[in-house]
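Asks: Here you go, this is data_27.pdb (PDB, N, CA and C atoms, pLDDT in the B column).
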```pdb
ATOM      1  N   ASN A1274      14.223 -55.125 -41.153  1.00 58.00           N
ATOM      2  CA  ASN A1274      14.633 -53.935 -40.454  1.00 58.00           C
ATOM      3  C   ASN A1274      13.434 -53.342 -39.715  1.00 58.00           C
ATOM      4  N   ASP A1275      13.676 -52.789 -38.547  1.00 75.00           N
ATOM      5  CA  ASP A1275      12.611 -52.230 -37.715  1.00 75.00           C
ATOM      6  C   ASP A1275      12.291 -50.775 -38.027  1.00 75.00           C
ATOM      7  N   MET A1276      13.037 -50.150 -38.918  1.00 83.00           N
ATOM      8  CA  MET A1276      12.837 -48.719 -39.153  1.00 83.00           C
ATOM      9  C   MET A1276      11.468 -48.380 -39.722  1.00 83.00           C
ATOM     10  N   VAL A1277      11.014 -49.120 -40.704  1.00 85.00           N
ATOM     11  CA  VAL A1277       9.731 -48.779 -41.326  1.00 85.00           C
ATOM     12  C   VAL A1277       8.578 -48.911 -40.333  1.00 85.00           C
ATOM     13  N   PRO A1278       8.488 -50.013 -39.586  1.00 87.00           N
ATOM     14  CA  PRO A1278       7.413 -50.068 -38.583  1.00 87.00           C
ATOM     15  C   PRO A1278       7.512 -48.937 -37.554  1.00 87.00           C
ATOM     16  N   GLU A1279       8.744 -48.567 -37.159  1.00 87.00           N
ATOM     17  CA  GLU A1279       8.904 -47.448 -36.225  1.00 87.00           C
ATOM     18  C   GLU A1279       8.397 -46.154 -36.844  1.00 87.00           C
ATOM     19  N   MET A1280       8.683 -45.969 -38.134  1.00 88.00           N
ATOM     20  CA  MET A1280       8.209 -44.766 -38.812  1.00 88.00           C
ATOM     21  C   MET A1280       6.694 -44.733 -38.871  1.00 88.00           C
ATOM     22  N   VAL A1281       6.084 -45.851 -39.207  1.00 87.00           N
ATOM     23  CA  VAL A1281       4.620 -45.918 -39.306  1.00 87.00           C
ATOM     24  C   VAL A1281       3.980 -45.614 -37.952  1.00 87.00           C
ATOM     25  N   ARG A1282       4.553 -46.177 -36.889  1.00 90.00           N
ATOM     26  CA  ARG A1282       4.023 -45.946 -35.535  1.00 90.00           C
ATOM     27  C   ARG A1282       4.473 -44.607 -34.956  1.00 90.00           C
ATOM     28  N   ARG A1283       5.461 -43.988 -35.596  1.00 91.00           N
ATOM     29  CA  ARG A1283       6.107 -42.788 -35.058  1.00 91.00           C
ATOM     30  C   ARG A1283       6.604 -43.055 -33.638  1.00 91.00           C
ATOM     31  N   SER A1284       7.205 -44.203 -33.514  1.00 89.00           N
ATOM     32  CA  SER A1284       7.749 -44.649 -32.231  1.00 89.00           C
ATOM     33  C   SER A1284       9.252 -44.819 -32.399  1.00 89.00           C
ATOM     34  N   TYR A1285      10.010 -43.844 -31.922  1.00 90.00           N
ATOM     35  CA  TYR A1285      11.442 -43.827 -32.151  1.00 90.00           C
ATOM     36  C   TYR A1285      12.181 -44.044 -30.838  1.00 90.00           C
ATOM     37  N   GLY A1286      12.969 -45.082 -30.811  1.00 87.00           N
ATOM     38  CA  GLY A1286      13.725 -45.404 -29.614  1.00 87.00           C
ATOM     39  C   GLY A1286      15.006 -44.605 -29.515  1.00 87.00           C
ATOM     40  N   THR A1287      15.808 -44.976 -28.540  1.00 86.00           N
ATOM     41  CA  THR A1287      17.105 -44.335 -28.348  1.00 86.00           C
ATOM     42  C   THR A1287      18.227 -45.361 -28.280  1.00 86.00           C
ATOM     43  N   GLY A1288      17.923 -46.619 -28.530  1.00 80.00           N
ATOM     44  CA  GLY A1288      18.930 -47.657 -28.384  1.00 80.00           C
ATOM     45  C   GLY A1288      19.756 -47.922 -29.619  1.00 80.00           C
ATOM     46  N   GLY A1289      19.343 -47.408 -30.753  1.00 82.00           N
ATOM     47  CA  GLY A1289      20.062 -47.677 -31.991  1.00 82.00           C
ATOM     48  C   GLY A1289      20.939 -46.515 -32.409  1.00 82.00           C
ATOM     49  N   PHE A1290      21.325 -46.531 -33.666  1.00 90.00           N
ATOM     50  CA  PHE A1290      22.124 -45.466 -34.249  1.00 90.00           C
ATOM     51  C   PHE A1290      21.268 -44.211 -34.299  1.00 90.00           C
ATOM     52  N   SER A1291      21.727 -43.136 -33.703  1.00 95.00           N
ATOM     53  CA  SER A1291      20.895 -41.943 -33.545  1.00 95.00           C
ATOM     54  C   SER A1291      21.029 -40.969 -34.708  1.00 95.00           C
ATOM     55  N   ILE A1292      20.100 -40.047 -34.755  1.00 97.00           N
ATOM     56  CA  ILE A1292      20.144 -38.941 -35.715  1.00 97.00           C
ATOM     57  C   ILE A1292      21.469 -38.193 -35.566  1.00 97.00           C
ATOM     58  N   ASP A1293      21.866 -37.881 -34.329  1.00 97.00           N
ATOM     59  CA  ASP A1293      23.126 -37.177 -34.090  1.00 97.00           C
ATOM     60  C   ASP A1293      24.319 -37.991 -34.593  1.00 97.00           C
ATOM     61  N   ASN A1294      24.310 -39.304 -34.357  1.00 97.00           N
ATOM     62  CA  ASN A1294      25.386 -40.166 -34.862  1.00 97.00           C
ATOM     63  C   ASN A1294      25.445 -40.126 -36.388  1.00 97.00           C
ATOM     64  N   MET A1295      24.284 -40.141 -37.007  1.00 97.00           N
ATOM     65  CA  MET A1295      24.229 -40.124 -38.470  1.00 97.00           C
ATOM     66  C   MET A1295      24.818 -38.832 -39.014  1.00 97.00           C
ATOM     67  N   ILE A1296      24.498 -37.714 -38.379  1.00 98.00           N
ATOM     68  CA  ILE A1296      25.047 -36.424 -38.823  1.00 98.00           C
ATOM     69  C   ILE A1296      26.569 -36.447 -38.729  1.00 98.00           C
ATOM     70  N   LEU A1297      27.095 -36.939 -37.633  1.00 98.00           N
ATOM     71  CA  LEU A1297      28.553 -37.020 -37.480  1.00 98.00           C
ATOM     72  C   LEU A1297      29.169 -37.934 -38.533  1.00 98.00           C
ATOM     73  N   SER A1298      28.536 -39.048 -38.799  1.00 97.00           N
ATOM     74  CA  SER A1298      29.040 -39.984 -39.809  1.00 97.00           C
ATOM     75  C   SER A1298      29.015 -39.367 -41.205  1.00 97.00           C
ATOM     76  N   ILE A1299      27.941 -38.671 -41.513  1.00 98.00           N
ATOM     77  CA  ILE A1299      27.852 -38.009 -42.815  1.00 98.00           C
ATOM     78  C   ILE A1299      28.920 -36.929 -42.925  1.00 98.00           C
ATOM     79  N   ASP A1300      29.135 -36.179 -41.850  1.00 98.00           N
ATOM     80  CA  ASP A1300      30.181 -35.148 -41.863  1.00 98.00           C
ATOM     81  C   ASP A1300      31.539 -35.767 -42.174  1.00 98.00           C
ATOM     82  N   GLN A1301      31.835 -36.906 -41.566  1.00 98.00           N
ATOM     83  CA  GLN A1301      33.104 -37.579 -41.822  1.00 98.00           C
ATOM     84  C   GLN A1301      33.192 -38.066 -43.270  1.00 98.00           C
ATOM     85  N   ALA A1302      32.100 -38.618 -43.768  1.00 97.00           N
ATOM     86  CA  ALA A1302      32.087 -39.112 -45.150  1.00 97.00           C
ATOM     87  C   ALA A1302      32.244 -37.965 -46.143  1.00 97.00           C
ATOM     88  N   VAL A1303      31.588 -36.836 -45.883  1.00 98.00           N
ATOM     89  CA  VAL A1303      31.694 -35.677 -46.766  1.00 98.00           C
ATOM     90  C   VAL A1303      33.125 -35.146 -46.769  1.00 98.00           C
ATOM     91  N   ALA A1304      33.717 -35.046 -45.605  1.00 98.00           N
ATOM     92  CA  ALA A1304      35.102 -34.561 -45.519  1.00 98.00           C
ATOM     93  C   ALA A1304      36.051 -35.485 -46.288  1.00 98.00           C
ATOM     94  N   PHE A1305      35.872 -36.780 -46.132  1.00 98.00           N
ATOM     95  CA  PHE A1305      36.712 -37.755 -46.833  1.00 98.00           C
ATOM     96  C   PHE A1305      36.508 -37.644 -48.344  1.00 98.00           C
ATOM     97  N   ALA A1306      35.249 -37.587 -48.768  1.00 97.00           N
ATOM     98  CA  ALA A1306      34.946 -37.490 -50.197  1.00 97.00           C
ATOM     99  C   ALA A1306      35.507 -36.191 -50.782  1.00 97.00           C
ATOM    100  N   ALA A1307      35.398 -35.108 -50.036  1.00 97.00           N
ATOM    101  CA  ALA A1307      35.912 -33.822 -50.509  1.00 97.00           C
ATOM    102  C   ALA A1307      37.427 -33.883 -50.697  1.00 97.00           C
ATOM    103  N   ARG A1308      38.120 -34.549 -49.770  1.00 98.00           N
ATOM    104  CA  ARG A1308      39.576 -34.698 -49.902  1.00 98.00           C
ATOM    105  C   ARG A1308      39.943 -35.472 -51.166  1.00 98.00           C
ATOM    106  N   LEU A1309      39.068 -36.362 -51.589  1.00 98.00           N
ATOM    107  CA  LEU A1309      39.302 -37.146 -52.803  1.00 98.00           C
ATOM    108  C   LEU A1309      38.830 -36.417 -54.060  1.00 98.00           C
ATOM    109  N   GLY A1310      38.242 -35.248 -53.875  1.00 98.00           N
ATOM    110  CA  GLY A1310      37.745 -34.483 -55.001  1.00 98.00           C
ATOM    111  C   GLY A1310      36.425 -34.999 -55.552  1.00 98.00           C
ATOM    112  N   LEU A1311      35.696 -35.774 -54.750  1.00 98.00           N
ATOM    113  CA  LEU A1311      34.422 -36.330 -55.178  1.00 98.00           C
ATOM    114  C   LEU A1311      33.286 -35.339 -54.931  1.00 98.00           C
ATOM    115  N   CYS A1312      32.229 -35.496 -55.662  1.00 97.00           N
ATOM    116  CA  CYS A1312      31.038 -34.674 -55.469  1.00 97.00           C
ATOM    117  C   CYS A1312      30.382 -35.050 -54.140  1.00 97.00           C
ATOM    118  N   THR A1313      30.070 -34.055 -53.341  1.00 97.00           N
ATOM    119  CA  THR A1313      29.455 -34.307 -52.025  1.00 97.00           C
ATOM    120  C   THR A1313      28.031 -33.773 -51.940  1.00 97.00           C
ATOM    121  N   ASP A1314      27.477 -33.341 -53.061  1.00 97.00           N
ATOM    122  CA  ASP A1314      26.146 -32.719 -53.052  1.00 97.00           C
ATOM    123  C   ASP A1314      25.070 -33.629 -52.466  1.00 97.00           C
ATOM    124  N   VAL A1315      25.051 -34.881 -52.888  1.00 97.00           N
ATOM    125  CA  VAL A1315      24.001 -35.800 -52.429  1.00 97.00           C
ATOM    126  C   VAL A1315      24.135 -36.050 -50.935  1.00 97.00           C
ATOM    127  N   MET A1316      25.367 -36.333 -50.477  1.00 97.00           N
ATOM    128  CA  MET A1316      25.564 -36.568 -49.043  1.00 97.00           C
ATOM    129  C   MET A1316      25.206 -35.334 -48.230  1.00 97.00           C
ATOM    130  N   SER A1317      25.521 -34.169 -48.738  1.00 97.00           N
ATOM    131  CA  SER A1317      25.184 -32.934 -48.025  1.00 97.00           C
ATOM    132  C   SER A1317      23.675 -32.723 -47.966  1.00 97.00           C
ATOM    133  N   ALA A1318      22.979 -33.083 -49.033  1.00 97.00           N
ATOM    134  CA  ALA A1318      21.519 -32.971 -49.039  1.00 97.00           C
ATOM    135  C   ALA A1318      20.899 -33.926 -48.021  1.00 97.00           C
ATOM    136  N   ILE A1319      21.414 -35.138 -47.959  1.00 97.00           N
ATOM    137  CA  ILE A1319      20.924 -36.107 -46.976  1.00 97.00           C
ATOM    138  C   ILE A1319      21.191 -35.597 -45.570  1.00 97.00           C
ATOM    139  N   ARG A1320      22.381 -35.019 -45.361  1.00 98.00           N
ATOM    140  CA  ARG A1320      22.713 -34.476 -44.048  1.00 98.00           C
ATOM    141  C   ARG A1320      21.711 -33.407 -43.637  1.00 98.00           C
ATOM    142  N   SER A1321      21.279 -32.591 -44.592  1.00 98.00           N
ATOM    143  CA  SER A1321      20.338 -31.514 -44.249  1.00 98.00           C
ATOM    144  C   SER A1321      19.017 -32.068 -43.734  1.00 98.00           C
ATOM    145  N   VAL A1322      18.599 -33.211 -44.232  1.00 97.00           N
ATOM    146  CA  VAL A1322      17.363 -33.831 -43.738  1.00 97.00           C
ATOM    147  C   VAL A1322      17.559 -34.301 -42.292  1.00 97.00           C
ATOM    148  N   TYR A1323      18.697 -34.930 -42.019  1.00 98.00           N
ATOM    149  CA  TYR A1323      18.982 -35.363 -40.644  1.00 98.00           C
ATOM    150  C   TYR A1323      19.148 -34.162 -39.722  1.00 98.00           C
ATOM    151  N   ALA A1324      19.773 -33.087 -40.218  1.00 98.00           N
ATOM    152  CA  ALA A1324      19.921 -31.877 -39.406  1.00 98.00           C
ATOM    153  C   ALA A1324      18.562 -31.273 -39.080  1.00 98.00           C
ATOM    154  N   ARG A1325      17.640 -31.334 -40.033  1.00 97.00           N
ATOM    155  CA  ARG A1325      16.282 -30.841 -39.768  1.00 97.00           C
ATOM    156  C   ARG A1325      15.645 -31.650 -38.643  1.00 97.00           C
ATOM    157  N   ALA A1326      15.801 -32.971 -38.686  1.00 97.00           N
ATOM    158  CA  ALA A1326      15.253 -33.816 -37.616  1.00 97.00           C
ATOM    159  C   ALA A1326      15.890 -33.468 -36.273  1.00 97.00           C
ATOM    160  N   ALA A1327      17.196 -33.245 -36.278  1.00 98.00           N
ATOM    161  CA  ALA A1327      17.881 -32.870 -35.033  1.00 98.00           C
ATOM    162  C   ALA A1327      17.355 -31.542 -34.507  1.00 98.00           C
ATOM    163  N   SER A1328      17.096 -30.600 -35.401  1.00 97.00           N
ATOM    164  CA  SER A1328      16.588 -29.293 -34.972  1.00 97.00           C
ATOM    165  C   SER A1328      15.186 -29.393 -34.387  1.00 97.00           C
ATOM    166  N   MET A1329      14.513 -30.495 -34.677  1.00 96.00           N
ATOM    167  CA  MET A1329      13.177 -30.741 -34.129  1.00 96.00           C
ATOM    168  C   MET A1329      13.262 -31.424 -32.755  1.00 96.00           C
ATOM    169  N   GLY A1330      14.491 -31.580 -32.246  1.00 96.00           N
ATOM    170  CA  GLY A1330      14.692 -32.202 -30.940  1.00 96.00           C
ATOM    171  C   GLY A1330      14.831 -33.713 -30.995  1.00 96.00           C
ATOM    172  N   LEU A1331      15.051 -34.262 -32.192  1.00 96.00           N
ATOM    173  CA  LEU A1331      15.091 -35.714 -32.362  1.00 96.00           C
ATOM    174  C   LEU A1331      16.503 -36.277 -32.447  1.00 96.00           C
ATOM    175  N   GLY A1332      17.504 -35.465 -32.185  1.00 97.00           N
ATOM    176  CA  GLY A1332      18.894 -35.908 -32.290  1.00 97.00           C
ATOM    177  C   GLY A1332      19.228 -37.194 -31.562  1.00 97.00           C
ATOM    178  N   PRO A1333      18.754 -37.389 -30.332  1.00 96.00           N
ATOM    179  CA  PRO A1333      19.079 -38.618 -29.601  1.00 96.00           C
ATOM    180  C   PRO A1333      18.278 -39.853 -30.051  1.00 96.00           C
ATOM    181  N   ARG A1334      17.272 -39.647 -30.873  1.00 95.00           N
ATOM    182  CA  ARG A1334      16.402 -40.756 -31.285  1.00 95.00           C
ATOM    183  C   ARG A1334      17.045 -41.580 -32.393  1.00 95.00           C
ATOM    184  N   ASP A1335      16.544 -42.807 -32.552  1.00 93.00           N
ATOM    185  CA  ASP A1335      17.005 -43.682 -33.626  1.00 93.00           C
ATOM    186  C   ASP A1335      16.830 -42.996 -34.974  1.00 93.00           C
ATOM    187  N   VAL A1336      17.620 -43.412 -35.958  1.00 93.00           N
ATOM    188  CA  VAL A1336      17.574 -42.790 -37.281  1.00 93.00           C
ATOM    189  C   VAL A1336      16.193 -42.853 -37.924  1.00 93.00           C
ATOM    190  N   ALA A1337      15.342 -43.745 -37.498  1.00 93.00           N
ATOM    191  CA  ALA A1337      13.981 -43.805 -38.039  1.00 93.00           C
ATOM    192  C   ALA A1337      13.251 -42.480 -37.817  1.00 93.00           C
ATOM    193  N   ALA A1338      13.674 -41.719 -36.823  1.00 94.00           N
ATOM    194  CA  ALA A1338      13.027 -40.443 -36.517  1.00 94.00           C
ATOM    195  C   ALA A1338      13.232 -39.409 -37.615  1.00 94.00           C
ATOM    196  N   VAL A1339      14.105 -39.689 -38.582  1.00 95.00           N
ATOM    197  CA  VAL A1339      14.277 -38.782 -39.721  1.00 95.00           C
ATOM    198  C   VAL A1339      12.957 -38.629 -40.468  1.00 95.00           C
ATOM    199  N   TYR A1340      12.079 -39.592 -40.308  1.00 95.00           N
ATOM    200  CA  TYR A1340      10.744 -39.546 -40.921  1.00 95.00           C
ATOM    201  C   TYR A1340      10.016 -38.252 -40.568  1.00 95.00           C
ATOM    202  N   GLU A1341      10.214 -37.767 -39.358  1.00 95.00           N
ATOM    203  CA  GLU A1341       9.537 -36.542 -38.919  1.00 95.00           C
ATOM    204  C   GLU A1341       9.985 -35.333 -39.729  1.00 95.00           C
ATOM    205  N   ALA A1342      11.207 -35.367 -40.267  1.00 96.00           N
ATOM    206  CA  ALA A1342      11.710 -34.253 -41.065  1.00 96.00           C
ATOM    207  C   ALA A1342      11.092 -34.243 -42.460  1.00 96.00           C
ATOM    208  N   VAL A1343      10.706 -35.412 -42.951  1.00 94.00           N
ATOM    209  CA  VAL A1343      10.133 -35.468 -44.296  1.00 94.00           C
ATOM    210  C   VAL A1343       8.610 -35.566 -44.275  1.00 94.00           C
ATOM    211  N   ASN A1344       8.043 -35.952 -43.144  1.00 93.00           N
ATOM    212  CA  ASN A1344       6.588 -36.063 -43.012  1.00 93.00           C
ATOM    213  C   ASN A1344       6.185 -35.633 -41.594  1.00 93.00           C
ATOM    214  N   PRO A1345       6.355 -34.330 -41.301  1.00 90.00           N
ATOM    215  CA  PRO A1345       6.052 -33.880 -39.940  1.00 90.00           C
ATOM    216  C   PRO A1345       4.571 -34.009 -39.603  1.00 90.00           C
ATOM    217  N   ARG A1346       4.332 -34.167 -38.331  1.00 85.00           N
ATOM    218  CA  ARG A1346       2.944 -34.179 -37.860  1.00 85.00           C
ATOM    219  C   ARG A1346       2.355 -32.796 -38.033  1.00 85.00           C
ATOM    220  N   ASN A1347       1.107 -32.731 -38.332  1.00 71.00           N
ATOM    221  CA  ASN A1347       0.464 -31.414 -38.492  1.00 71.00           C
ATOM    222  C   ASN A1347      -0.074 -30.911 -37.198  1.00 71.00           C
TER     223      ASN A1347
END
```
Can you dump the structure from the file as structure tokens?
Replies:
Amino acid sequence: NDMVPEMVRRSYGTGGFSIDNMILSIDQAVAFAARLGLCTDVMSAIRSVYARAASMGLGPRDVAAVYEAVNPRN
């Protein structure tokens, strides 16, 4: 997988599955799980990390850009 090298280089493309796409997918999964009465805490926590990356302007970038939300540049 190319994600780890992209994270190390902090080089995030736009050709793959994006941060914004991931948020939408997580929203759909949470809604489905909630309808089944399943716990959604973990998925919601993961979504918050992707939402943080999106708030940093990284929404259109590949999901590897989530790295910036957990290890921002100083």
Asks: Of the residues A:Met1329, A:Ala1324, A:Leu1311, A:Ala1304, which is the one nearest to Ile1292 of chain A, using all atoms listed in the file?
Replies: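 Ranked by minimum distance to Ile1292 of chain A, first place goes to A:Ala1324.
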Asks: Of the candidates A:Val1339, A:Arg1334, A:Asn1347, A:Ala1327, which shows the shortest atom-to-atom distance to Gly1286 of chain A, using all atoms listed in the file?
Replies: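 Checking each candidate against Gly1286 of chain A, we get A:Arg1334 as the closest.
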Asks: Among chain A, which ones does DSSP assign to alpha helix (DSSP H) (computed from the backbone)? Answer as number ranges by chain.
Replies: A: 1276-1282, 1292-1308, 1314-1326, 1340-1343
Asks: Write to file, as a short mmCIF file (atom, residue, chain, number, x, y, z; two decimals), in the coordinates of the input, the residues of the selection just made, with N, CA and C atoms.
Replies:
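Output (part-v6.cif):
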```cif
data_model
loop_
_atom_site.label_atom_id
_atom_site.label_comp_id
_atom_site.auth_asym_id
_atom_site.auth_seq_id
_atom_site.Cartn_x
_atom_site.Cartn_y
_atom_site.Cartn_z
N MET A 1276 13.04 -50.15 -38.92
CA MET A 1276 12.84 -48.72 -39.15
C MET A 1276 11.47 -48.38 -39.72
N VAL A 1277 11.01 -49.12 -40.70
CA VAL A 1277 9.73 -48.78 -41.33
C VAL A 1277 8.58 -48.91 -40.33
N PRO A 1278 8.49 -50.01 -39.59
CA PRO A 1278 7.41 -50.07 -38.58
C PRO A 1278 7.51 -48.94 -37.55
N GLU A 1279 8.74 -48.57 -37.16
CA GLU A 1279 8.90 -47.45 -36.22
C GLU A 1279 8.40 -46.15 -36.84
N MET A 1280 8.68 -45.97 -38.13
CA MET A 1280 8.21 -44.77 -38.81
C MET A 1280 6.69 -44.73 -38.87
N VAL A 1281 6.08 -45.85 -39.21
CA VAL A 1281 4.62 -45.92 -39.31
C VAL A 1281 3.98 -45.61 -37.95
N ARG A 1282 4.55 -46.18 -36.89
CA ARG A 1282 4.02 -45.95 -35.53
C ARG A 1282 4.47 -44.61 -34.96
N ILE A 1292 20.10 -40.05 -34.76
CA ILE A 1292 20.14 -38.94 -35.72
C ILE A 1292 21.47 -38.19 -35.57
N ASP A 1293 21.87 -37.88 -34.33
CA ASP A 1293 23.13 -37.18 -34.09
C ASP A 1293 24.32 -37.99 -34.59
N ASN A 1294 24.31 -39.30 -34.36
CA ASN A 1294 25.39 -40.17 -34.86
C ASN A 1294 25.44 -40.13 -36.39
N MET A 1295 24.28 -40.14 -37.01
CA MET A 1295 24.23 -40.12 -38.47
C MET A 1295 24.82 -38.83 -39.01
N ILE A 1296 24.50 -37.71 -38.38
CA ILE A 1296 25.05 -36.42 -38.82
C ILE A 1296 26.57 -36.45 -38.73
N LEU A 1297 27.10 -36.94 -37.63
CA LEU A 1297 28.55 -37.02 -37.48
C LEU A 1297 29.17 -37.93 -38.53
N SER A 1298 28.54 -39.05 -38.80
CA SER A 1298 29.04 -39.98 -39.81
C SER A 1298 29.02 -39.37 -41.20
N ILE A 1299 27.94 -38.67 -41.51
CA ILE A 1299 27.85 -38.01 -42.82
C ILE A 1299 28.92 -36.93 -42.92
N ASP A 1300 29.14 -36.18 -41.85
CA ASP A 1300 30.18 -35.15 -41.86
C ASP A 1300 31.54 -35.77 -42.17
N GLN A 1301 31.84 -36.91 -41.57
CA GLN A 1301 33.10 -37.58 -41.82
C GLN A 1301 33.19 -38.07 -43.27
N ALA A 1302 32.10 -38.62 -43.77
CA ALA A 1302 32.09 -39.11 -45.15
C ALA A 1302 32.24 -37.97 -46.14
N VAL A 1303 31.59 -36.84 -45.88
CA VAL A 1303 31.69 -35.68 -46.77
C VAL A 1303 33.12 -35.15 -46.77
N ALA A 1304 33.72 -35.05 -45.60
CA ALA A 1304 35.10 -34.56 -45.52
C ALA A 1304 36.05 -35.48 -46.29
N PHE A 1305 35.87 -36.78 -46.13
CA PHE A 1305 36.71 -37.76 -46.83
C PHE A 1305 36.51 -37.64 -48.34
N ALA A 1306 35.25 -37.59 -48.77
CA ALA A 1306 34.95 -37.49 -50.20
C ALA A 1306 35.51 -36.19 -50.78
N ALA A 1307 35.40 -35.11 -50.04
CA ALA A 1307 35.91 -33.82 -50.51
C ALA A 1307 37.43 -33.88 -50.70
N ARG A 1308 38.12 -34.55 -49.77
CA ARG A 1308 39.58 -34.70 -49.90
C ARG A 1308 39.94 -35.47 -51.17
N ASP A 1314 27.48 -33.34 -53.06
CA ASP A 1314 26.15 -32.72 -53.05
C ASP A 1314 25.07 -33.63 -52.47
N VAL A 1315 25.05 -34.88 -52.89
CA VAL A 1315 24.00 -35.80 -52.43
C VAL A 1315 24.14 -36.05 -50.94
N MET A 1316 25.37 -36.33 -50.48
CA MET A 1316 25.56 -36.57 -49.04
C MET A 1316 25.21 -35.33 -48.23
N SER A 1317 25.52 -34.17 -48.74
CA SER A 1317 25.18 -32.93 -48.02
C SER A 1317 23.68 -32.72 -47.97
N ALA A 1318 22.98 -33.08 -49.03
CA ALA A 1318 21.52 -32.97 -49.04
C ALA A 1318 20.90 -33.93 -48.02
N ILE A 1319 21.41 -35.14 -47.96
CA ILE A 1319 20.92 -36.11 -46.98
C ILE A 1319 21.19 -35.60 -45.57
N ARG A 1320 22.38 -35.02 -45.36
CA ARG A 1320 22.71 -34.48 -44.05
C ARG A 1320 21.71 -33.41 -43.64
N SER A 1321 21.28 -32.59 -44.59
CA SER A 1321 20.34 -31.51 -44.25
C SER A 1321 19.02 -32.07 -43.73
N VAL A 1322 18.60 -33.21 -44.23
CA VAL A 1322 17.36 -33.83 -43.74
C VAL A 1322 17.56 -34.30 -42.29
N TYR A 1323 18.70 -34.93 -42.02
CA TYR A 1323 18.98 -35.36 -40.64
C TYR A 1323 19.15 -34.16 -39.72
N ALA A 1324 19.77 -33.09 -40.22
CA ALA A 1324 19.92 -31.88 -39.41
C ALA A 1324 18.56 -31.27 -39.08
N ARG A 1325 17.64 -31.33 -40.03
CA ARG A 1325 16.28 -30.84 -39.77
C ARG A 1325 15.64 -31.65 -38.64
N ALA A 1326 15.80 -32.97 -38.69
CA ALA A 1326 15.25 -33.82 -37.62
C ALA A 1326 15.89 -33.47 -36.27
N TYR A 1340 12.08 -39.59 -40.31
CA TYR A 1340 10.74 -39.55 -40.92
C TYR A 1340 10.02 -38.25 -40.57
N GLU A 1341 10.21 -37.77 -39.36
CA GLU A 1341 9.54 -36.54 -38.92
C GLU A 1341 9.98 -35.33 -39.73
N ALA A 1342 11.21 -35.37 -40.27
CA ALA A 1342 11.71 -34.25 -41.06
C ALA A 1342 11.09 -34.24 -42.46
N VAL A 1343 10.71 -35.41 -42.95
CA VAL A 1343 10.13 -35.47 -44.30
C VAL A 1343 8.61 -35.57 -44.28
#
```
Asks: Between A:Ala1337, A:Ala1307, A:Met1295, A:Ala1342, single out the one closest to Arg1320 of chain A, counting all atoms listed in the file.
Replies: A:Met1295
Asks: Could you state the separation of atom C of Met1280 of chain A and atom C of Ile1319 of chain A in Å, given to one decimal place?
Replies: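 One can read the atom C of Met1280 of chain A to atom C of Ile1319 of chain A distance as 18.4 Å.
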Asks: Is it possible to get the axis-aligned box enclosing segment 1312-1328 of chain A (all listed atoms, 8 Å extra per side) as JSON, with centre and edge lengths in Å rounded to one decimal?
Replies:
```
{"center_x": 23.7, "center_y": -32.9, "center_z": -45.0, "size_x": 33.0, "size_y": 23.3, "size_z": 37.3}
```
Asks: Rank A:Glu1341, A:Val1277, A:Val1322, A:Met1316 by their smallest atom-to-atom distance to Asp1300 of chain A, using all atoms listed in the file, and report the top residue only.
Replies: A:Met1316
Asks: Counting only C-alpha atoms, which residues come within 6 Å of (9.5, -41.8, -35.6), with the point read in the file's coordinates, and could you list them as JSON, numbers by chain?
Replies: {"A": [1279, 1280, 1283, 1284, 1285, 1337, 1338, 1340]}
Asks: Selection from above, N, CA and C atoms, as a PDB file, keeping the file's coordinate frame, can you write it?
Replies:
```
ATOM      1  N   GLU A1279       8.744 -48.567 -37.159  1.00 87.00           N
ATOM      2  CA  GLU A1279       8.904 -47.448 -36.225  1.00 87.00           C
ATOM      3  C   GLU A1279       8.397 -46.154 -36.844  1.00 87.00           C
ATOM      4  N   MET A1280       8.683 -45.969 -38.134  1.00 88.00           N
ATOM      5  CA  MET A1280       8.209 -44.766 -38.812  1.00 88.00           C
ATOM      6  C   MET A1280       6.694 -44.733 -38.871  1.00 88.00           C
ATOM      7  N   ARG A1283       5.461 -43.988 -35.596  1.00 91.00           N
ATOM      8  CA  ARG A1283       6.107 -42.788 -35.058  1.00 91.00           C
ATOM      9  C   ARG A1283       6.604 -43.055 -33.638  1.00 91.00           C
ATOM     10  N   SER A1284       7.205 -44.203 -33.514  1.00 89.00           N
ATOM     11  CA  SER A1284       7.749 -44.649 -32.231  1.00 89.00           C
ATOM     12  C   SER A1284       9.252 -44.819 -32.399  1.00 89.00           C
ATOM     13  N   TYR A1285      10.010 -43.844 -31.922  1.00 90.00           N
ATOM     14  CA  TYR A1285      11.442 -43.827 -32.151  1.00 90.00           C
ATOM     15  C   TYR A1285      12.181 -44.044 -30.838  1.00 90.00           C
ATOM     16  N   ALA A1337      15.342 -43.745 -37.498  1.00 93.00           N
ATOM     17  CA  ALA A1337      13.981 -43.805 -38.039  1.00 93.00           C
ATOM     18  C   ALA A1337      13.251 -42.480 -37.817  1.00 93.00           C
ATOM     19  N   ALA A1338      13.674 -41.719 -36.823  1.00 94.00           N
ATOM     20  CA  ALA A1338      13.027 -40.443 -36.517  1.00 94.00           C
ATOM     21  C   ALA A1338      13.232 -39.409 -37.615  1.00 94.00           C
ATOM     22  N   TYR A1340      12.079 -39.592 -40.308  1.00 95.00           N
ATOM     23  CA  TYR A1340      10.744 -39.546 -40.921  1.00 95.00           C
ATOM     24  C   TYR A1340      10.016 -38.252 -40.568  1.00 95.00           C
TER      25      TYR A1340
END
```
Asks: Between atom N of Asp1275 of chain A and atom CA of Ala1302 of chain A, what is the distance in Å, rounded to a tenth?
Replies: 23.9 Å
Asks: Written as JSON, numbers by chain, what is the full residue list that the PyMOL selection byres (((chain A and resi 1289 and name CA) around 8) and name CA) yields on the file shown?
Replies: {"A": [1286, 1287, 1288, 1290, 1291, 1334, 1335, 1336]}
